[in-house]
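Colleague: Next up, target.cif (mmCIF, C-alpha atoms and all ligand atoms).
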```cif
data_start
#
loop_
_atom_site.label_atom_id
_atom_site.label_comp_id
_atom_site.auth_asym_id
_atom_site.auth_seq_id
_atom_site.Cartn_x
_atom_site.Cartn_y
_atom_site.Cartn_z
CA MET A 1 -11.25 -12.63 -29.80
CA SER A 2 -9.22 -10.25 -27.66
CA HIS A 3 -8.06 -11.54 -24.30
CA VAL A 4 -9.11 -9.40 -21.37
CA PRO A 5 -6.89 -10.22 -18.40
CA ARG A 6 -8.83 -11.09 -15.25
CA ARG A 7 -7.97 -9.28 -12.08
CA ILE A 8 -6.97 -11.07 -8.90
CA ALA A 9 -10.13 -11.29 -6.80
CA LEU A 10 -11.03 -12.19 -3.21
CA PRO A 11 -11.35 -15.95 -3.89
CA ASP A 12 -7.81 -15.94 -5.34
CA LEU A 13 -6.44 -14.54 -2.08
CA ALA A 14 -8.38 -17.08 -0.04
CA ALA A 15 -7.11 -19.88 -2.32
CA ALA A 16 -3.52 -18.63 -1.95
CA LYS A 17 -3.79 -18.95 1.84
CA GLN A 18 -5.29 -22.41 1.46
CA ASP A 19 -2.53 -23.50 -0.97
CA GLN A 20 0.20 -21.72 1.02
CA ARG A 21 1.15 -19.66 -2.03
CA ARG A 22 2.88 -16.49 -0.86
CA LEU A 23 1.11 -13.25 -1.83
CA SER A 24 2.71 -9.97 -2.90
CA MET A 25 1.47 -6.40 -2.54
CA VAL A 26 3.30 -3.17 -3.48
CA THR A 27 2.16 0.44 -3.30
CA ALA A 28 1.60 2.60 -6.37
CA TYR A 29 0.19 6.08 -6.74
CA ASP A 30 0.63 6.95 -10.43
CA TRP A 31 0.26 5.59 -13.96
CA PRO A 32 3.82 4.42 -14.81
CA THR A 33 4.39 2.87 -11.40
CA ALA A 34 1.05 1.04 -11.45
CA LYS A 35 1.86 -0.29 -14.95
CA LEU A 36 5.26 -1.56 -13.76
CA VAL A 37 3.86 -3.19 -10.61
CA ASP A 38 0.98 -4.75 -12.52
CA GLY A 39 3.29 -5.96 -15.28
CA ALA A 40 5.51 -7.68 -12.71
CA GLY A 41 2.61 -9.95 -11.78
CA ILE A 42 2.30 -8.59 -8.23
CA ASP A 43 -1.00 -9.80 -6.71
CA CYS A 44 -2.23 -6.56 -5.14
CA ILE A 45 -1.50 -2.88 -5.60
CA LEU A 46 -2.02 -0.72 -2.54
CA VAL A 47 -2.78 2.93 -3.13
CA GLY A 48 -1.47 3.72 0.33
CA ASP A 49 -1.89 6.89 2.29
CA SER A 50 1.93 6.68 2.38
CA VAL A 51 1.50 8.84 -0.74
CA ALA A 52 1.51 11.76 1.70
CA MET A 53 5.06 10.89 2.78
CA VAL A 54 6.80 9.38 -0.25
CA VAL A 55 5.21 11.56 -2.94
CA ALA A 56 4.16 14.73 -1.14
CA GLY A 57 7.05 14.82 1.37
CA ARG A 58 4.81 15.13 4.43
CA GLU A 59 6.06 13.93 7.84
CA SER A 60 3.29 11.39 8.33
CA THR A 61 0.36 9.82 6.50
CA ILE A 62 -2.13 11.86 8.51
CA PRO A 63 -2.47 14.73 5.97
CA ALA A 64 -3.65 12.41 3.15
CA THR A 65 -7.20 13.36 2.19
CA LEU A 66 -10.12 11.42 0.74
CA GLU A 67 -9.92 13.48 -2.47
CA GLN A 68 -6.22 12.65 -2.85
CA MET A 69 -6.79 8.93 -2.30
CA ILE A 70 -9.55 8.95 -4.91
CA TYR A 71 -7.37 10.90 -7.35
CA HIS A 72 -4.47 8.45 -7.07
CA GLY A 73 -6.72 5.38 -6.83
CA GLU A 74 -8.52 6.16 -10.07
CA ILE A 75 -5.20 6.50 -11.93
CA VAL A 76 -3.85 3.22 -10.55
CA VAL A 77 -7.03 1.28 -11.40
CA ARG A 78 -6.97 2.59 -14.97
CA ALA A 79 -3.27 1.75 -15.37
CA SER A 80 -3.58 -1.83 -14.13
CA ALA A 81 -5.30 -4.92 -15.45
CA HIS A 82 -4.15 -7.89 -13.39
CA ALA A 83 -3.63 -6.87 -9.77
CA MET A 84 -6.33 -6.34 -7.18
CA VAL A 85 -6.28 -2.64 -6.32
CA VAL A 86 -6.85 -1.67 -2.69
CA VAL A 87 -7.11 2.00 -1.67
CA ASP A 88 -6.39 3.30 1.84
CA LEU A 89 -9.15 4.97 3.83
CA PRO A 90 -7.40 8.13 5.02
CA PHE A 91 -7.52 9.44 8.59
CA PRO A 92 -9.95 9.94 10.32
CA HIS A 93 -12.86 8.42 8.41
CA GLN A 94 -12.88 5.08 10.28
CA HIS A 95 -13.28 6.99 13.55
CA LEU A 96 -16.32 9.04 12.56
CA GLY A 97 -18.90 6.29 12.89
CA VAL A 98 -20.15 3.53 10.63
CA ARG A 99 -22.26 5.74 8.35
CA SER A 100 -19.46 8.20 7.70
CA ALA A 101 -16.96 5.39 7.03
CA VAL A 102 -19.36 3.64 4.64
CA GLU A 103 -19.91 6.93 2.79
CA ALA A 104 -16.16 7.51 2.41
CA CYS A 105 -15.48 3.91 1.31
CA ALA A 106 -18.39 4.01 -1.14
CA ARG A 107 -16.90 7.12 -2.73
CA ILE A 108 -13.53 5.39 -3.01
CA LEU A 109 -15.12 2.31 -4.60
CA LYS A 110 -17.38 4.24 -7.00
CA GLU A 111 -14.93 6.93 -8.06
CA THR A 112 -11.77 4.82 -8.40
CA GLY A 113 -13.12 1.43 -9.54
CA CYS A 114 -10.88 -0.31 -6.99
CA GLN A 115 -11.66 -3.75 -5.57
CA GLY A 116 -11.28 -2.98 -1.87
CA VAL A 117 -10.34 -0.49 0.83
CA LYS A 118 -7.81 -0.80 3.64
CA LEU A 119 -8.34 0.76 7.01
CA GLU A 120 -6.14 1.02 10.07
CA GLY A 121 -7.82 0.09 13.29
CA THR A 122 -7.98 -1.85 16.53
CA ALA A 123 -10.78 -4.08 17.80
CA GLY A 124 -12.55 -0.77 18.48
CA GLN A 125 -13.15 -0.36 14.73
CA ALA A 126 -14.72 -3.83 14.27
CA ASP A 127 -18.25 -2.40 13.98
CA VAL A 128 -17.01 -0.02 11.28
CA ILE A 129 -15.42 -2.87 9.31
CA ALA A 130 -18.64 -4.90 9.66
CA GLY A 131 -20.71 -1.95 8.42
CA ILE A 132 -18.51 -1.39 5.36
CA VAL A 133 -18.50 -5.12 4.55
CA ALA A 134 -22.30 -5.21 4.94
CA ALA A 135 -22.44 -2.52 2.25
CA GLY A 136 -20.66 -4.93 -0.09
CA ILE A 137 -17.27 -3.21 0.10
CA PRO A 138 -14.29 -5.54 0.67
CA VAL A 139 -12.13 -4.40 3.60
CA MET A 140 -8.48 -5.13 4.37
CA GLY A 141 -7.59 -4.47 8.02
CA HIS A 142 -4.30 -2.97 9.22
CA VAL A 143 -3.06 -3.66 12.76
CA GLY A 144 0.18 -3.34 14.68
CA LEU A 145 2.03 -0.15 13.83
CA ARG A 146 -0.78 2.04 12.54
CA PRO A 147 0.99 5.06 10.98
CA GLN A 148 -2.15 7.21 11.31
CA ALA A 149 -1.79 6.74 15.09
CA VAL A 150 1.95 7.52 15.11
CA HIS A 151 1.64 10.23 17.75
CA GLN A 152 -0.36 8.01 20.08
CA LEU A 153 2.04 5.08 19.53
CA GLY A 154 5.07 7.28 20.27
CA GLY A 155 6.74 6.90 16.87
CA TYR A 156 7.28 4.36 14.11
CA ARG A 157 8.20 1.51 16.40
CA MET A 158 7.70 -2.24 16.82
CA GLN A 159 4.39 -3.17 18.44
CA ARG A 160 4.94 -5.95 20.99
CA ASP A 161 1.67 -6.47 22.85
CA ALA A 162 0.96 -9.96 21.51
CA GLU A 163 -2.46 -10.29 23.16
CA ARG A 164 -3.68 -7.00 21.82
CA LEU A 165 -2.30 -7.68 18.34
CA MET A 166 -4.11 -11.02 18.26
CA ALA A 167 -7.35 -9.43 19.52
CA ASP A 168 -7.19 -6.65 16.90
CA SER A 169 -6.47 -9.14 14.09
CA LEU A 170 -9.23 -11.55 15.13
CA ALA A 171 -11.68 -8.66 15.47
CA ALA A 172 -10.92 -7.56 11.88
CA ALA A 173 -11.36 -11.12 10.58
CA ASP A 174 -14.57 -11.70 12.60
CA ALA A 175 -15.95 -8.40 11.27
CA GLY A 176 -15.54 -9.68 7.72
CA ALA A 177 -12.18 -8.30 6.56
CA PHE A 178 -10.73 -10.31 3.66
CA ALA A 179 -7.08 -9.80 4.71
CA VAL A 180 -5.06 -8.01 7.37
CA VAL A 181 -1.80 -6.07 7.18
CA LEU A 182 0.50 -6.72 10.15
CA GLU A 183 2.96 -3.84 10.40
CA CYS A 184 6.03 -3.94 12.62
CA VAL A 185 5.13 -6.85 14.85
CA PRO A 186 7.55 -9.52 16.14
CA GLN A 187 7.86 -12.45 13.76
CA GLU A 188 6.62 -15.03 16.29
CA VAL A 189 3.50 -12.93 16.95
CA ALA A 190 2.95 -12.63 13.20
CA ARG A 191 3.35 -16.42 12.87
CA THR A 192 0.76 -17.09 15.59
CA ILE A 193 -1.73 -14.58 14.17
CA THR A 194 -1.27 -15.93 10.64
CA ALA A 195 -1.95 -19.48 11.85
CA ALA A 196 -5.03 -18.36 13.81
CA LEU A 197 -6.67 -16.24 11.11
CA PRO A 198 -8.84 -17.76 8.37
CA ILE A 199 -7.87 -14.86 6.08
CA PRO A 200 -4.45 -13.93 4.59
CA THR A 201 -2.02 -11.72 6.48
CA PHE A 202 0.33 -9.31 4.67
CA GLY A 203 3.45 -8.52 6.68
CA ILE A 204 5.59 -5.39 6.60
CA GLY A 205 8.40 -5.48 9.12
CA ALA A 206 6.71 -8.61 10.53
CA GLY A 207 9.10 -11.37 9.47
CA PRO A 208 8.73 -14.27 7.04
CA HIS A 209 5.72 -16.15 8.44
CA CYS A 210 2.86 -14.05 7.04
CA ASP A 211 0.81 -15.26 4.07
CA GLY A 212 2.10 -12.36 2.00
CA GLN A 213 4.46 -9.39 2.07
CA VAL A 214 3.81 -5.73 1.34
CA LEU A 215 6.32 -2.94 0.69
CA VAL A 216 6.25 0.70 -0.33
CA PHE A 217 7.33 0.92 -4.00
CA HIS A 218 9.82 3.74 -3.40
CA ASP A 219 11.57 1.74 -0.66
CA LEU A 220 11.71 -1.43 -2.78
CA VAL A 221 13.30 0.23 -5.82
CA GLY A 222 15.59 2.62 -3.92
CA LEU A 223 13.70 5.81 -4.69
CA SER A 224 12.95 6.91 -1.12
CA LEU A 225 14.76 10.10 -0.30
CA GLU A 226 14.14 9.89 3.44
CA ARG A 227 15.09 7.21 5.98
CA VAL A 228 14.40 3.68 4.72
CA PRO A 229 13.12 1.24 7.38
CA LYS A 230 15.47 -1.59 8.41
CA PHE A 231 13.05 -4.27 7.19
CA VAL A 232 13.41 -3.12 3.56
CA ARG A 233 15.67 -4.94 1.09
CA GLY A 234 16.61 -2.55 -1.72
CA TYR A 235 16.12 -4.34 -5.04
CA ALA A 236 17.41 -1.43 -7.11
CA ASP A 237 19.27 1.84 -6.63
CA SER A 238 16.94 3.97 -8.73
CA LYS A 239 17.83 7.18 -6.88
CA THR A 240 21.48 6.91 -7.95
CA THR A 241 20.55 5.90 -11.52
CA ILE A 242 18.16 8.84 -11.92
CA ALA A 243 20.51 11.36 -10.29
CA ALA A 244 23.31 10.24 -12.65
CA ALA A 245 21.03 10.54 -15.71
CA LEU A 246 19.95 14.04 -14.71
CA GLY A 247 23.53 15.09 -14.10
CA ARG A 248 24.67 13.74 -17.49
CA TRP A 249 21.79 15.53 -19.26
CA ARG A 250 22.60 18.83 -17.56
CA GLN A 251 26.27 18.49 -18.57
CA ASP A 252 25.28 17.66 -22.16
CA VAL A 253 23.03 20.73 -22.28
CA GLU A 254 25.77 22.95 -20.88
CA SER A 255 28.38 21.55 -23.30
CA ARG A 256 25.88 21.90 -26.21
CA ASP A 257 26.16 18.16 -26.88
CA PHE A 258 22.36 17.86 -26.39
CA PRO A 259 20.36 18.00 -28.55
CA GLY A 260 22.51 16.46 -31.30
CA PRO A 261 21.55 15.65 -34.89
CA ALA A 262 19.67 12.49 -33.78
CA GLU A 263 17.41 14.50 -31.49
CA THR A 264 16.86 17.39 -33.89
CA ARG A 265 14.20 17.56 -36.59
CA GLY A 266 14.08 20.00 -39.46
O1 LIG B 301 0.14 3.39 3.21
C1 LIG B 301 0.89 2.40 3.03
O2 LIG B 301 1.77 2.39 2.17
C2 LIG B 301 0.68 1.24 3.89
C3 LIG B 301 1.69 0.14 3.81
C4 LIG B 301 2.91 0.53 4.55
C5 LIG B 301 1.16 -1.16 4.29
O3 LIG B 301 -0.25 1.19 4.64
#
```
Could you show the structure in this file as structure tokens?

Modeller:
Amino acid sequence: MSHVPRRIALPDLAAAKQDQRRLSMVTAYDWPTAKLVDGAGIDCILVGDSVAMVVAGRESTIPATLEQMIYHGEIVVRASAHAMVVVDLPFPHQHLGVRSAVEACARILKETGCQGVKLEGTAGQADVIAGIVAAGIPVMGHVGLRPQAVHQLGGYRMQRDAERLMADSLAAADAGAFAVVLECVPQEVARTITAALPIPTFGIGAGPHCDGQVLVFHDLVGLSLERVPKFVRGYADSKTTIAAALGRWRQDVESRDFPGPAETRG
């Protein structure tokens, strides 16, 4: 009998919080990356709207569209077998009312096969989260630095209003979110929120006290061509490795060393 690997599901995340097992989440947008992330045993794959920046070279995540998120989400779900796949709700669907948000999330769920959606929001979006959850769609909240609100927040900067961060996180949990991303918040605030919430927190630039950590794949493996945030630890220097390989290949082509007998048929 063939073994079909079971995906990480909501009860696994809840159990991890209970057992104090640290959770991992990494972004992926394409087939080979999703296969690598899944194969590494990472708990969750986030098809982030960061695709607009790291893949499409845009200046913010705001240009990411619903069609693009569905396109990338479907690829990542097909390429993975173990991780829970969460797809970002792109701007501005969570601000267009409950019905519109449910429609957009339902499309994401139906057309990608993912297990949940993530949406950026404050306590003001609690009714939207509740509406999506009531439709049977798992929601991950995202508070603190909300990149879709970068212009309103005055840049990609630390969010320090502890009371507001707690209120936004509690509102997401009370509305039925299954987890919350805390982006760029002081570590002590992240610790307090993580202790107060019954659901797991995933930190990014939020220190070591969250229930899990999330990073953008390109930052983690050293593939980001633009500025890398200070909270990233580079686990590989893929940019240098790839640039060197390309340079060697070009030289081999120019010197007629490539293709050689081993790469030539007939
Ligand atoms: O879009 C994204 O990659 C994200 C992470 C930074 C959490 O939201």

Colleague: Find the residues near stretch 10-21 of chain A: any atom within 8 Å, counting all atoms listed in the file, skip ones fewer than 3 places away on the same chain, and give them as a PyMOL selection string.

Modeller: chain A and resi 178+199-200+211

Colleague: Have a look at atom CA of A:Leu153 and atom CA of A:Leu182 and let me know their distance in Å, one decimal.

Modeller: 15.2 Å

Colleague: Name each residue within 6 Å of ligand LIG 301 (chain B), counting all atoms listed in the file, as an MDAnalysis selection string.

Modeller: chainID A and resid 27 48:50 216

Colleague: Name all residues at most 9 Å from A:Leu225 (count only C-alpha atoms; drop same-chain ones fewer than 6 positions away) and give them as a PyMOL selection string.

Modeller: chain A and resi 54+218-219+239

Colleague: Quick one: distance from atom CA of A:Phe217 to atom CA of A:Ala40 in Å, one decimal?

Modeller: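 Separating atom CA of A:Phe217 from atom CA of A:Ala40 is a distance of 12.4 Å.
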
Colleague: Restricting the calculation to only C-alpha atoms: of A:Pro32, A:Gly124, A:Gly57, A:Gly116, which residue gets closest to A:Arg227?

Modeller: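 Nearest to A:Arg227: A:Gly57.
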
Colleague: In file coordinates, which residues lie within 12 Å of (-17.3, 9.0, -0.6) using all atoms listed in the file, given as a ChimeraX atom specification?

Modeller: /A:65-70,89-90,93,99-112,117

Colleague: With only C-alpha atoms counted, which protein, DNA or RNA residues have an atom no more than 9 Å from (-6.6, 0.2, -9.4) in the file frame? Please answer as a count of residues only.

Modeller: 23

Colleague: For atom CA of A:Pro186 and atom CA of A:Cys210, determine how far apart the two atoms are, in Å to one decimal place.

Modeller: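 Atom-to-atom, atom CA of A:Pro186 to atom CA of A:Cys210, that is 11.2 Å.
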
Colleague: Pick out the closest residue to A:Glu59 from this set: A:Pro229, A:Gly131, A:Gly176, A:Pro147. Count only C-alpha atoms.

Modeller: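 Once distances to A:Glu59 are computed over only C-alpha atoms, the minimum belongs to A:Pro147.
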
Colleague: Kindly indicate which residue among A:Leu220, A:Ile132, A:Met166, A:Ala52 lies nearest to A:Gln148, using all atoms listed in the file for the distances.

Modeller: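 Closest to A:Gln148, using all atoms listed in the file: A:Ala52.
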
Colleague: When you count all atoms listed in the file, which of these residues is closest to A:His82: A:Val214, A:Arg146, A:Thr122, A:Lys35?

Modeller: A:Lys35

Colleague: For A:Gly205, which residue among A:Arg157, A:Arg6, A:Arg250, A:Arg164 is the nearest when counting only C-alpha atoms?

Modeller: A:Arg157

Colleague: Between A:Ile129, A:Phe258, A:Ala123, A:Ile62, single out the one closest to A:Gln94, counting only C-alpha atoms.

Modeller: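 Checking each of A:Ile129, A:Phe258, A:Ala123, A:Ile62 against A:Gln94, counting only C-alpha atoms, the winner is A:Ile129.
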
Colleague: Name all residues at most 10 Å from A:Gly207 (count all atoms listed in the file; drop same-chain ones fewer than 2 positions away) and give them as a CSV table (one decimal) with C-alpha atoms, in the coordinates of the input.

Modeller:
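To be explicit, this is the file written out as part16.csv:
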```
chain,number,residue,atom,x,y,z
A,182,LEU,CA,0.5,-6.7,10.2
A,183,GLU,CA,3.0,-3.8,10.4
A,184,CYS,CA,6.0,-3.9,12.6
A,185,VAL,CA,5.1,-6.8,14.8
A,186,PRO,CA,7.6,-9.5,16.1
A,187,GLN,CA,7.9,-12.4,13.8
A,188,GLU,CA,6.6,-15.0,16.3
A,189,VAL,CA,3.5,-12.9,17.0
A,190,ALA,CA,3.0,-12.6,13.2
A,191,ARG,CA,3.4,-16.4,12.9
A,203,GLY,CA,3.4,-8.5,6.7
A,204,ILE,CA,5.6,-5.4,6.6
A,205,GLY,CA,8.4,-5.5,9.1
A,209,HIS,CA,5.7,-16.2,8.4
A,210,CYS,CA,2.9,-14.0,7.0
A,213,GLN,CA,4.5,-9.4,2.1
A,231,PHE,CA,13.0,-4.3,7.2
```
